[in-house]
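File shown: protein01.cif. Contents: mmCIF, C-alpha atoms and all ligand atoms.
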data_protein
loop_
_atom_site.label_atom_id
_atom_site.label_comp_id
_atom_site.auth_asym_id
_atom_site.auth_seq_id
_atom_site.Cartn_x
_atom_site.Cartn_y
_atom_site.Cartn_z
CA MET A 1 -0.43 150.08 -46.63
CA ILE A 2 2.50 152.22 -45.54
CA ILE A 3 3.85 154.69 -48.08
CA ASP A 4 7.45 155.02 -46.98
CA LEU A 5 9.20 157.97 -48.62
CA ILE A 6 11.81 158.41 -45.91
CA SER A 7 14.70 157.27 -48.09
CA ASP A 8 15.59 155.17 -51.11
CA THR A 9 17.28 152.84 -48.61
CA VAL A 10 13.96 151.46 -47.33
CA THR A 11 13.57 149.05 -50.26
CA LYS A 12 13.53 145.28 -49.72
CA PRO A 13 15.20 142.78 -52.07
CA SER A 14 12.87 141.65 -54.86
CA LYS A 15 12.18 138.01 -55.68
CA GLY A 16 14.63 138.13 -58.58
CA MET A 17 17.31 139.63 -56.37
CA LEU A 18 16.74 137.04 -53.63
CA ASP A 19 16.99 134.24 -56.20
CA ALA A 20 20.29 135.68 -57.44
CA MET A 21 21.56 135.82 -53.85
CA LEU A 22 20.54 132.25 -53.08
CA SER A 23 22.33 130.85 -56.10
CA ALA A 24 25.58 132.82 -55.57
CA LYS A 25 28.87 130.93 -55.44
CA VAL A 26 30.78 132.12 -52.38
CA GLY A 27 34.18 131.88 -50.68
CA ASP A 28 36.19 133.69 -48.02
CA ASP A 29 36.60 137.25 -49.27
CA VAL A 30 39.23 138.14 -46.65
CA PHE A 31 41.44 135.77 -48.68
CA SER A 32 40.03 137.24 -51.95
CA MET A 33 38.45 133.83 -52.60
CA ASP A 34 34.84 134.81 -53.15
CA PRO A 35 34.21 134.39 -56.89
CA THR A 36 31.02 136.48 -56.89
CA VAL A 37 32.75 139.39 -55.14
CA ASN A 38 35.77 139.15 -57.45
CA ALA A 39 33.54 139.13 -60.54
CA LEU A 40 31.54 142.12 -59.30
CA GLN A 41 34.70 144.10 -58.53
CA ASP A 42 36.03 143.42 -62.04
CA LYS A 43 32.68 144.27 -63.62
CA VAL A 44 32.37 147.62 -61.82
CA ALA A 45 36.01 148.56 -62.49
CA THR A 46 35.42 147.89 -66.19
CA LEU A 47 32.14 149.80 -66.15
CA PHE A 48 33.97 152.89 -64.90
CA GLY A 49 37.13 152.30 -66.93
CA MET A 50 39.14 152.28 -63.68
CA GLU A 51 41.87 149.87 -62.65
CA SER A 52 40.44 148.38 -59.54
CA ALA A 53 37.35 148.16 -57.34
CA LEU A 54 36.80 146.96 -53.79
CA PHE A 55 33.50 145.85 -52.22
CA PHE A 56 32.57 147.57 -48.93
CA PRO A 57 29.75 146.99 -46.43
CA SER A 58 28.70 150.66 -46.55
CA GLY A 59 29.17 153.90 -48.43
CA THR A 60 30.39 155.53 -45.24
CA MET A 61 33.20 153.02 -44.91
CA ALA A 62 34.12 153.38 -48.60
CA ASN A 63 34.31 157.18 -48.25
CA GLN A 64 36.24 156.97 -44.99
CA ALA A 65 38.76 154.57 -46.52
CA ALA A 66 39.17 156.91 -49.51
CA ILE A 67 39.84 159.90 -47.26
CA LYS A 68 42.40 157.88 -45.31
CA LEU A 69 44.11 156.86 -48.57
CA HIS A 70 44.45 160.45 -49.72
CA THR A 71 45.51 162.14 -46.47
CA GLN A 72 47.69 162.19 -43.36
CA PRO A 73 46.53 163.45 -39.92
CA GLY A 74 46.44 167.25 -39.86
CA ASP A 75 45.64 167.57 -43.56
CA LEU A 76 42.72 169.48 -45.00
CA VAL A 77 39.91 168.18 -47.21
CA ILE A 78 37.85 170.54 -49.37
CA CYS A 79 34.14 169.73 -49.51
CA ASP A 80 30.77 171.47 -49.62
CA LYS A 81 29.12 172.53 -46.36
CA TYR A 82 26.35 170.01 -47.14
CA ALA A 83 28.78 167.11 -47.76
CA HIS A 84 27.79 163.69 -46.46
CA ILE A 85 31.42 163.01 -45.45
CA TYR A 86 31.25 166.03 -43.13
CA ASN A 87 27.64 165.96 -41.89
CA TYR A 88 26.52 162.34 -41.83
CA GLU A 89 29.51 160.10 -41.18
CA SER A 90 29.64 160.52 -37.38
CA GLY A 91 32.70 162.75 -37.46
CA GLY A 92 34.67 159.97 -39.14
CA VAL A 93 36.96 162.33 -41.07
CA ALA A 94 38.37 163.46 -37.72
CA PHE A 95 38.21 160.07 -35.99
CA ASN A 96 39.58 157.86 -38.76
CA SER A 97 41.92 160.19 -40.64
CA GLY A 98 42.54 163.10 -38.24
CA VAL A 99 41.79 165.64 -40.96
CA THR A 100 39.78 168.86 -41.01
CA CYS A 101 37.34 170.02 -43.66
CA LYS A 102 37.26 173.32 -45.52
CA LEU A 103 33.53 173.75 -45.98
CA VAL A 104 32.68 175.55 -49.19
CA ASP A 105 29.50 177.64 -49.21
CA GLY A 106 28.04 176.04 -52.33
CA ASN A 107 24.61 175.92 -53.91
CA ARG A 108 22.54 172.81 -53.06
CA GLY A 109 25.74 170.95 -52.21
CA MET A 110 27.66 172.03 -55.32
CA PHE A 111 30.42 174.63 -55.63
CA THR A 112 32.51 176.12 -58.44
CA ALA A 113 36.18 175.87 -59.36
CA GLU A 114 36.43 179.60 -58.70
CA GLN A 115 35.28 179.11 -55.10
CA ILE A 116 38.06 176.64 -54.22
CA LYS A 117 40.90 178.02 -56.32
CA ASP A 118 42.65 179.77 -53.45
CA VAL A 119 42.37 177.04 -50.82
CA ALA A 120 43.43 174.42 -53.41
CA ALA A 121 46.57 176.40 -54.26
CA VAL A 122 47.55 177.35 -50.71
CA LYS A 123 51.36 177.54 -50.26
CA PRO A 124 52.84 175.50 -47.43
CA GLU A 125 53.29 177.60 -44.29
CA ILE A 126 54.31 176.28 -40.91
CA TYR A 127 50.91 177.28 -39.46
CA LEU A 128 48.67 175.97 -42.27
CA PRO A 129 47.28 172.49 -42.83
CA PHE A 130 48.25 170.85 -46.12
CA THR A 131 45.34 170.80 -48.55
CA LYS A 132 45.32 167.23 -49.89
CA LEU A 133 41.91 166.28 -51.24
CA ILE A 134 38.85 167.68 -52.98
CA CYS A 135 35.68 165.69 -52.43
CA LEU A 136 32.52 166.11 -54.51
CA GLU A 137 29.14 164.42 -54.04
CA ASN A 138 26.86 163.53 -56.98
CA THR A 139 23.92 163.59 -56.63
CA THR A 140 23.95 165.72 -53.52
CA ASN A 141 21.99 164.27 -50.62
CA LYS A 142 21.35 167.32 -48.41
CA GLY A 143 21.17 169.39 -51.61
CA GLY A 144 18.03 167.50 -52.67
CA GLY A 145 19.34 165.12 -55.32
CA ALA A 146 20.97 167.89 -57.36
CA CYS A 147 23.29 166.93 -60.22
CA TRP A 148 26.61 168.63 -60.91
CA ASP A 149 27.35 170.32 -64.20
CA PHE A 150 30.03 168.09 -65.71
CA GLU A 151 31.85 171.07 -67.20
CA GLU A 152 32.29 172.49 -63.69
CA ILE A 153 33.62 169.14 -62.46
CA LYS A 154 36.25 169.30 -65.21
CA LYS A 155 37.32 172.75 -64.06
CA ILE A 156 37.59 171.57 -60.44
CA HIS A 157 39.55 168.54 -61.64
CA ALA A 158 41.99 170.92 -63.37
CA GLU A 159 42.48 172.81 -60.08
CA ALA A 160 43.05 169.52 -58.26
CA LYS A 161 45.66 168.32 -60.74
CA LYS A 162 47.41 171.70 -60.97
CA ASN A 163 47.93 171.58 -57.20
CA ASN A 164 48.61 167.87 -56.90
CA LEU A 165 45.47 167.18 -54.85
CA GLY A 166 43.49 163.97 -54.69
CA PHE A 167 40.03 164.03 -56.27
CA HIS A 168 37.34 161.84 -54.69
CA LEU A 169 33.71 161.43 -55.68
CA ASP A 170 31.08 160.38 -53.17
CA GLY A 171 28.82 158.76 -55.74
CA ALA A 172 26.32 157.11 -53.40
CA ARG A 173 23.64 158.20 -55.91
CA LEU A 174 25.85 158.64 -58.96
CA PHE A 175 23.59 156.37 -61.06
CA ASN A 176 20.70 158.79 -60.48
CA ALA A 177 22.86 161.56 -61.95
CA LEU A 178 24.00 159.39 -64.88
CA VAL A 179 20.40 158.57 -65.78
CA ALA A 180 19.11 162.13 -65.27
CA LYS A 181 21.92 163.79 -67.25
CA ASN A 182 22.55 161.03 -69.76
CA GLU A 183 26.18 160.67 -68.67
CA THR A 184 28.43 157.59 -68.52
CA PRO A 185 30.41 156.00 -65.68
CA GLN A 186 33.58 156.26 -67.84
CA GLN A 187 33.32 160.06 -67.91
CA TYR A 188 33.63 160.03 -64.14
CA GLY A 189 36.22 157.25 -64.07
CA LYS A 190 38.52 159.37 -66.21
CA LEU A 191 38.43 162.40 -63.91
CA PHE A 192 38.37 161.06 -60.38
CA ASP A 193 41.19 159.30 -58.53
CA THR A 194 38.69 157.46 -56.34
CA ILE A 195 34.92 156.99 -56.54
CA SER A 196 32.51 155.41 -54.07
CA ILE A 197 29.14 154.11 -55.23
CA CYS A 198 26.25 152.54 -53.29
CA PHE A 199 24.09 149.60 -54.30
CA SER A 200 21.79 150.14 -51.32
CA LYS A 201 20.31 153.50 -52.37
CA GLY A 202 18.26 153.79 -55.56
CA LEU A 203 19.58 150.50 -56.92
CA GLY A 204 17.67 148.56 -54.29
CA ALA A 205 20.25 146.12 -52.89
CA PRO A 206 20.09 145.44 -49.13
CA ILE A 207 23.77 146.26 -48.52
CA GLY A 208 26.93 147.14 -50.34
CA SER A 209 29.16 149.81 -51.79
CA MET A 210 32.21 149.87 -54.02
CA LEU A 211 35.34 151.98 -53.90
CA LEU A 212 37.12 152.41 -57.22
CA GLY A 213 40.62 153.65 -57.92
CA PRO A 214 44.11 152.81 -59.15
CA LYS A 215 45.44 149.35 -58.31
CA ASN A 216 48.14 150.58 -55.90
CA MET A 217 45.60 152.60 -53.91
CA MET A 218 43.08 149.77 -53.78
CA GLN A 219 45.77 147.40 -52.48
CA LYS A 220 46.18 149.79 -49.55
CA ALA A 221 42.40 150.12 -49.29
CA VAL A 222 42.08 146.39 -48.56
CA ARG A 223 44.16 146.90 -45.42
CA ILE A 224 42.22 150.02 -44.37
CA ARG A 225 38.93 148.18 -44.88
CA LYS A 226 40.20 145.40 -42.60
CA LEU A 227 41.37 147.93 -40.02
CA LEU A 228 37.90 149.52 -40.02
CA GLY A 229 36.32 146.10 -39.46
CA GLY A 230 35.00 145.74 -42.98
CA GLY A 231 36.76 142.54 -44.05
CA MET A 232 33.89 140.17 -44.83
CA ARG A 233 33.79 136.43 -45.42
CA GLN A 234 31.19 134.68 -47.64
CA VAL A 235 29.91 138.03 -48.83
CA GLY A 236 29.21 136.85 -52.37
CA PHE A 237 25.56 136.55 -51.31
CA LEU A 238 25.51 140.34 -51.03
CA ALA A 239 27.66 140.91 -54.10
CA ALA A 240 25.08 138.87 -56.03
CA ALA A 241 22.38 141.31 -54.91
CA ALA A 242 24.55 144.23 -56.03
CA ASN A 243 25.20 142.54 -59.36
CA TYR A 244 21.48 141.99 -59.86
CA ALA A 245 20.88 145.68 -59.04
CA LEU A 246 23.40 146.77 -61.69
CA ASP A 247 21.79 144.56 -64.32
CA ASN A 248 18.17 145.41 -63.56
CA ASN A 249 17.71 148.59 -61.57
CA ILE A 250 19.64 151.38 -63.27
CA GLU A 251 17.43 152.43 -66.19
CA ARG A 252 14.31 152.26 -64.07
CA LEU A 253 15.66 155.14 -61.93
CA ALA A 254 14.10 157.41 -64.58
CA SER A 255 10.66 156.43 -63.29
CA ASP A 256 11.63 157.42 -59.72
CA HIS A 257 12.72 160.79 -61.10
CA GLN A 258 9.47 161.15 -63.05
CA LYS A 259 7.39 160.43 -59.94
CA ALA A 260 9.36 162.97 -57.89
CA LYS A 261 8.68 165.58 -60.57
CA GLU A 262 4.97 164.74 -60.57
CA ILE A 263 4.84 165.14 -56.79
CA ALA A 264 6.55 168.53 -57.15
CA GLU A 265 3.97 169.60 -59.76
CA VAL A 266 1.12 168.78 -57.39
CA LEU A 267 2.85 170.60 -54.52
CA GLU A 268 3.25 173.68 -56.76
CA SER A 269 -0.52 173.95 -56.84
CA CYS A 270 -0.98 173.52 -53.06
CA SER A 271 -1.55 176.78 -51.19
CA TYR A 272 0.07 175.50 -47.97
CA ILE A 273 3.50 175.02 -49.63
CA SER A 274 5.90 177.94 -49.28
CA LYS A 275 8.81 176.67 -51.37
CA ILE A 276 9.94 173.65 -53.40
CA GLU A 277 13.57 173.05 -54.35
CA PRO A 278 14.19 172.15 -58.00
CA VAL A 279 13.72 168.42 -58.63
CA GLU A 280 16.35 166.73 -60.78
CA THR A 281 16.33 163.15 -59.52
CA ASN A 282 14.51 161.15 -56.85
CA ILE A 283 14.79 163.57 -53.92
CA LEU A 284 12.37 166.40 -53.35
CA ILE A 285 12.80 169.04 -50.67
CA PHE A 286 9.99 171.43 -49.80
CA TYR A 287 8.75 173.80 -47.10
CA VAL A 288 5.23 174.23 -45.72
CA ASP A 289 3.71 177.46 -44.40
CA ASP A 290 4.72 178.52 -40.90
CA LYS A 291 1.03 178.26 -39.93
CA ILE A 292 1.18 174.51 -40.53
CA GLY A 293 4.80 173.82 -39.56
CA ALA A 294 7.04 171.02 -40.84
CA ASP A 295 6.74 168.74 -37.79
CA ASN A 296 2.98 169.06 -37.71
CA PHE A 297 2.72 168.34 -41.44
CA ILE A 298 4.92 165.26 -41.08
CA ASP A 299 2.77 164.04 -38.13
CA LYS A 300 -0.47 164.54 -40.06
CA MET A 301 0.91 162.63 -43.04
CA LYS A 302 2.13 159.90 -40.71
CA SER A 303 -1.42 159.46 -39.41
CA LYS A 304 -2.34 158.67 -43.03
CA ASN A 305 0.49 156.10 -43.19
CA ILE A 306 2.67 158.36 -45.33
CA LEU A 307 6.21 158.69 -44.00
CA LEU A 308 8.33 161.77 -44.79
CA THR A 309 11.67 163.00 -43.41
CA PRO A 310 12.30 166.23 -41.49
CA MET A 311 15.59 167.75 -42.69
CA GLY A 312 15.85 170.61 -40.15
CA GLU A 313 15.29 174.33 -40.74
CA GLY A 314 11.70 173.61 -41.81
CA LYS A 315 12.79 171.35 -44.68
CA ILE A 316 10.78 168.25 -45.52
CA ARG A 317 12.18 165.51 -47.74
CA ILE A 318 10.47 162.99 -49.98
CA THR A 319 12.55 160.29 -51.64
CA THR A 320 11.07 158.06 -54.36
CA HIS A 321 12.39 154.53 -54.90
CA LEU A 322 11.67 151.19 -56.50
CA ASP A 323 9.24 150.00 -53.82
CA TYR A 324 7.14 153.16 -54.25
CA THR A 325 4.44 151.83 -56.56
CA ASP A 326 2.08 153.55 -59.02
CA GLN A 327 -0.76 152.83 -56.61
CA MET A 328 1.08 154.51 -53.72
CA HIS A 329 1.86 157.42 -56.01
CA GLU A 330 -1.83 157.96 -56.78
CA ILE A 331 -2.75 157.87 -53.09
CA LEU A 332 0.03 160.30 -52.18
CA LEU A 333 -0.93 162.82 -54.87
CA LYS A 334 -4.55 162.70 -53.72
CA GLU A 335 -3.61 163.19 -50.06
CA LEU A 336 -1.36 166.14 -50.92
CA LYS A 337 -4.10 167.80 -53.00
CA ASN A 338 -6.69 167.31 -50.26
CA PHE A 339 -4.50 168.31 -47.31
C1 LIG B 1 23.90 157.21 -48.12
C2 LIG B 1 25.07 158.01 -48.50
C3 LIG B 1 26.36 157.57 -48.23
C4 LIG B 1 26.68 156.24 -47.56
O1 LIG B 1 25.90 155.95 -46.53
P1 LIG B 1 25.79 154.49 -45.87
O2 LIG B 1 24.54 154.60 -45.10
O3 LIG B 1 26.99 154.31 -45.07
O4 LIG B 1 25.71 153.50 -46.98
C5 LIG B 1 27.41 158.35 -48.62
N1 LIG B 1 27.21 159.51 -49.25
C6 LIG B 1 25.98 159.96 -49.57
C7 LIG B 1 25.83 161.23 -50.33
C8 LIG B 1 24.87 159.22 -49.20
O5 LIG B 1 23.65 159.68 -49.52
#
Would you mind writing the structure in this file as structure tokens?
Amino acid sequence: MIIDLISDTVTKPSKGMLDAMLSAKVGDDVFSMDPTVNALQDKVATLFGMESALFFPSGTMANQAAIKLHTQPGDLVICDKYAHIYNYESGGVAFNSGVTCKLVDGNRGMFTAEQIKDVAAVKPEIYLPFTKLICLENTTNKGGGACWDFEEIKKIHAEAKKNNLGFHLDGARLFNALVAKNETPQQYGKLFDTISICFSKGLGAPIGSMLLGPKNMMQKAVRIRKLLGGGMRQVGFLAAAANYALDNNIERLASDHQKAKEIAEVLESCSYISKIEPVETNILIFYVDDKIGADNFIDKMKSKNILLTPMGEGKIRITTHLDYTDQMHEILLKELKNF
């Protein structure tokens, strides 16, 4: 048995999900004729209290389309130094939209309204880029699944509106934050101009993301999606998986969070651990003693069929997910105690 904790994207569709996929009614989505996609888009837009939603093949493409919607080449996007849009989208902000990023030195991927006040309010000068967009990420990926304080998001929103800036949320793991903090999708729908969410992270679908926003922006987004090569045909089979994930896999995220916390508790008591980041959701980041070394630790665990992720700078990441069973959990805790 392999205990794969590399990411919450390693899950495989369950029997129920596969059944839902097989019985999906489909059509050509490039002509907006796939009934399952159309129904899912309406359902998610309603869930967030937003006007419109558009199904994308990946979270990266949904984010990239959003950035393109909000900006012109030469513009500036404000995001945290840990932001996925900056670090893990292959330089797409520059390639697709021709923009630069102002990287804010936040805490675990989160910053404050105070920190961005000046760059948000920058006056146009011939030598300055136009600040156009603020992008937040919740939960933060590189920040170890950390959840934003909603009150701080409201303050940042106020800065965005005061300065006429777009406000985008990379919500690849937003449902983890909603479950952990007992928040609602509507809260976020009210504040953000555009939101991307992923069905292929904790929710356990094989593929699929959604970009939400006002109708006029989403009409433009259809064209950008096509331009990026993301116009899909009988994609209702995948929308059915996403729909199944929404109906069945949200509340259970709490058990992923619980398991991550239990792993952290065991690590606390292990003498070879030098530091553990706070655990709020399903991602746990920790450091082992220099004597052991991160790469060596990961190799040793791999020889026991336990797969972990190196995150650079001595960081090791564990991500819990719906295919990580109680039995695997027991084995992992034992192996960590006995290491
Ligand atoms: C995974 C992820 C994405 C999207 O990634 P894809 O692999 O393209 O689906 C975007 N933002 C964050 C924070 C993520 O963790």
I'd like the contact shell of stretch 123-140 of chain A - 6 Å cut-off, only C-alpha atoms, skipping same-chain residues fewer than 2 positions apart - returned as a PyMOL selection string. chain A and resi 75-79+109+142-143+145-147+165-171+173-174+177
Could you check how far atom CA of A:Gly202 sits from atom CA of A:Phe55, in Å to one decimal?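 Separation of atom CA of A:Gly202 and atom CA of A:Phe55: 17.5 Å.
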Would you work out the distance separating atom CA of A:Ala113 from atom CA of A:Glu277, expressed in Å to one decimal?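 We find that atom CA of A:Ala113 and atom CA of A:Glu277 lie 23.3 Å from each other.
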Excluding A:Asp8 and residues on its chain fewer than 2 positions from it, collect all residues at most 7 Å away from it, counting only C-alpha atoms, and give them as a ChimeraX atom specification. /A:10-11,201-202,319-321
Would you please work out which residue, of A:Ser303, A:Gln327, A:Thr9, A:Asn176, is nearest to A:Ser255 when using only C-alpha atoms?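 Distance minimum relative to A:Ser255 lands on A:Asn176.
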In Å, with one decimal, what is the gap from atom CA of A:Asn163 to atom CA of A:Ala120?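 Going from atom CA of A:Asn163 over to atom CA of A:Ala120, I get 6.5 Å.
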Would you give the centre and edge lengths, in Å to one decimal, of a box along x, y and z around the listed atoms of ligand LIG 1 (chain B), with 3 Å added to each side, as lines of an AutoDock Vina configuration file?
center_x = 25.5
center_y = 157.4
center_z = -47.7
size_x = 9.8
size_y = 13.7
size_z = 11.3
Selection near stretch 181-186 of chain A, 12 Å with all atoms listed in the file, sequence-local residues under 5 positions removed, as a ChimeraX atom specification: /A:44-51,138-139,146-151,169,171,174-176,191-192,195-197,212,250-251,253-254,257,280-281
Output: stretch 281-293 of chain A of the preceding structure, restricted to N, CA, C and O atoms, written as a PDB file, in the first residue's frame.
ATOM      1  N   THR A 281      -5.886  23.692   7.924  1.00  0.00           N
ATOM      2  CA  THR A 281      -6.719  22.897   7.004  1.00  0.00           C
ATOM      3  C   THR A 281      -6.036  21.571   6.711  1.00  0.00           C
ATOM      4  O   THR A 281      -5.703  20.854   7.649  1.00  0.00           O
ATOM      5  N   ASN A 282      -5.853  21.232   5.436  1.00  0.00           N
ATOM      6  CA  ASN A 282      -5.359  19.887   5.104  1.00  0.00           C
ATOM      7  C   ASN A 282      -3.883  19.871   4.720  1.00  0.00           C
ATOM      8  O   ASN A 282      -3.394  18.868   4.237  1.00  0.00           O
ATOM      9  N   ILE A 283      -3.203  21.010   4.856  1.00  0.00           N
ATOM     10  CA  ILE A 283      -1.785  21.061   4.499  1.00  0.00           C
ATOM     11  C   ILE A 283      -0.955  21.284   5.755  1.00  0.00           C
ATOM     12  O   ILE A 283      -1.320  22.100   6.609  1.00  0.00           O
ATOM     13  N   LEU A 284       0.125  20.543   5.846  1.00  0.00           N
ATOM     14  CA  LEU A 284       0.980  20.623   7.020  1.00  0.00           C
ATOM     15  C   LEU A 284       2.417  20.791   6.534  1.00  0.00           C
ATOM     16  O   LEU A 284       2.887  20.007   5.711  1.00  0.00           O
ATOM     17  N   ILE A 285       3.064  21.835   7.017  1.00  0.00           N
ATOM     18  CA  ILE A 285       4.450  22.077   6.617  1.00  0.00           C
ATOM     19  C   ILE A 285       5.338  21.975   7.853  1.00  0.00           C
ATOM     20  O   ILE A 285       5.023  22.560   8.902  1.00  0.00           O
ATOM     21  N   PHE A 286       6.407  21.192   7.741  1.00  0.00           N
ATOM     22  CA  PHE A 286       7.291  21.032   8.902  1.00  0.00           C
ATOM     23  C   PHE A 286       8.742  20.923   8.456  1.00  0.00           C
ATOM     24  O   PHE A 286       9.041  20.777   7.263  1.00  0.00           O
ATOM     25  N   TYR A 287       9.627  21.030   9.433  1.00  0.00           N
ATOM     26  CA  TYR A 287      11.076  20.976   9.193  1.00  0.00           C
ATOM     27  C   TYR A 287      11.667  19.903  10.095  1.00  0.00           C
ATOM     28  O   TYR A 287      11.268  19.791  11.255  1.00  0.00           O
ATOM     29  N   VAL A 288      12.636  19.134   9.549  1.00  0.00           N
ATOM     30  CA  VAL A 288      13.349  18.168  10.388  1.00  0.00           C
ATOM     31  C   VAL A 288      14.721  18.748  10.750  1.00  0.00           C
ATOM     32  O   VAL A 288      15.194  19.686  10.115  1.00  0.00           O
ATOM     33  N   ASP A 289      15.332  18.165  11.782  1.00  0.00           N
ATOM     34  CA  ASP A 289      16.675  18.578  12.204  1.00  0.00           C
ATOM     35  C   ASP A 289      17.662  18.561  11.038  1.00  0.00           C
ATOM     36  O   ASP A 289      17.572  17.710  10.167  1.00  0.00           O
ATOM     37  N   ASP A 290      18.628  19.468  11.100  1.00  0.00           N
ATOM     38  CA  ASP A 290      19.678  19.485  10.076  1.00  0.00           C
ATOM     39  C   ASP A 290      20.408  18.140  10.011  1.00  0.00           C
ATOM     40  O   ASP A 290      20.845  17.702   8.948  1.00  0.00           O
ATOM     41  N   LYS A 291      20.563  17.496  11.175  1.00  0.00           N
ATOM     42  CA  LYS A 291      21.276  16.210  11.227  1.00  0.00           C
ATOM     43  C   LYS A 291      20.613  15.177  10.316  1.00  0.00           C
ATOM     44  O   LYS A 291      21.283  14.342   9.725  1.00  0.00           O
ATOM     45  N   ILE A 292      19.303  15.227  10.225  1.00  0.00           N
ATOM     46  CA  ILE A 292      18.577  14.284   9.366  1.00  0.00           C
ATOM     47  C   ILE A 292      18.479  14.843   7.950  1.00  0.00           C
ATOM     48  O   ILE A 292      18.860  14.181   6.983  1.00  0.00           O
ATOM     49  N   GLY A 293      18.016  16.061   7.796  1.00  0.00           N
ATOM     50  CA  GLY A 293      17.912  16.683   6.481  1.00  0.00           C
ATOM     51  C   GLY A 293      16.608  16.311   5.784  1.00  0.00           C
ATOM     52  O   GLY A 293      16.174  15.150   5.849  1.00  0.00           O
TER      53      GLY A 293
END
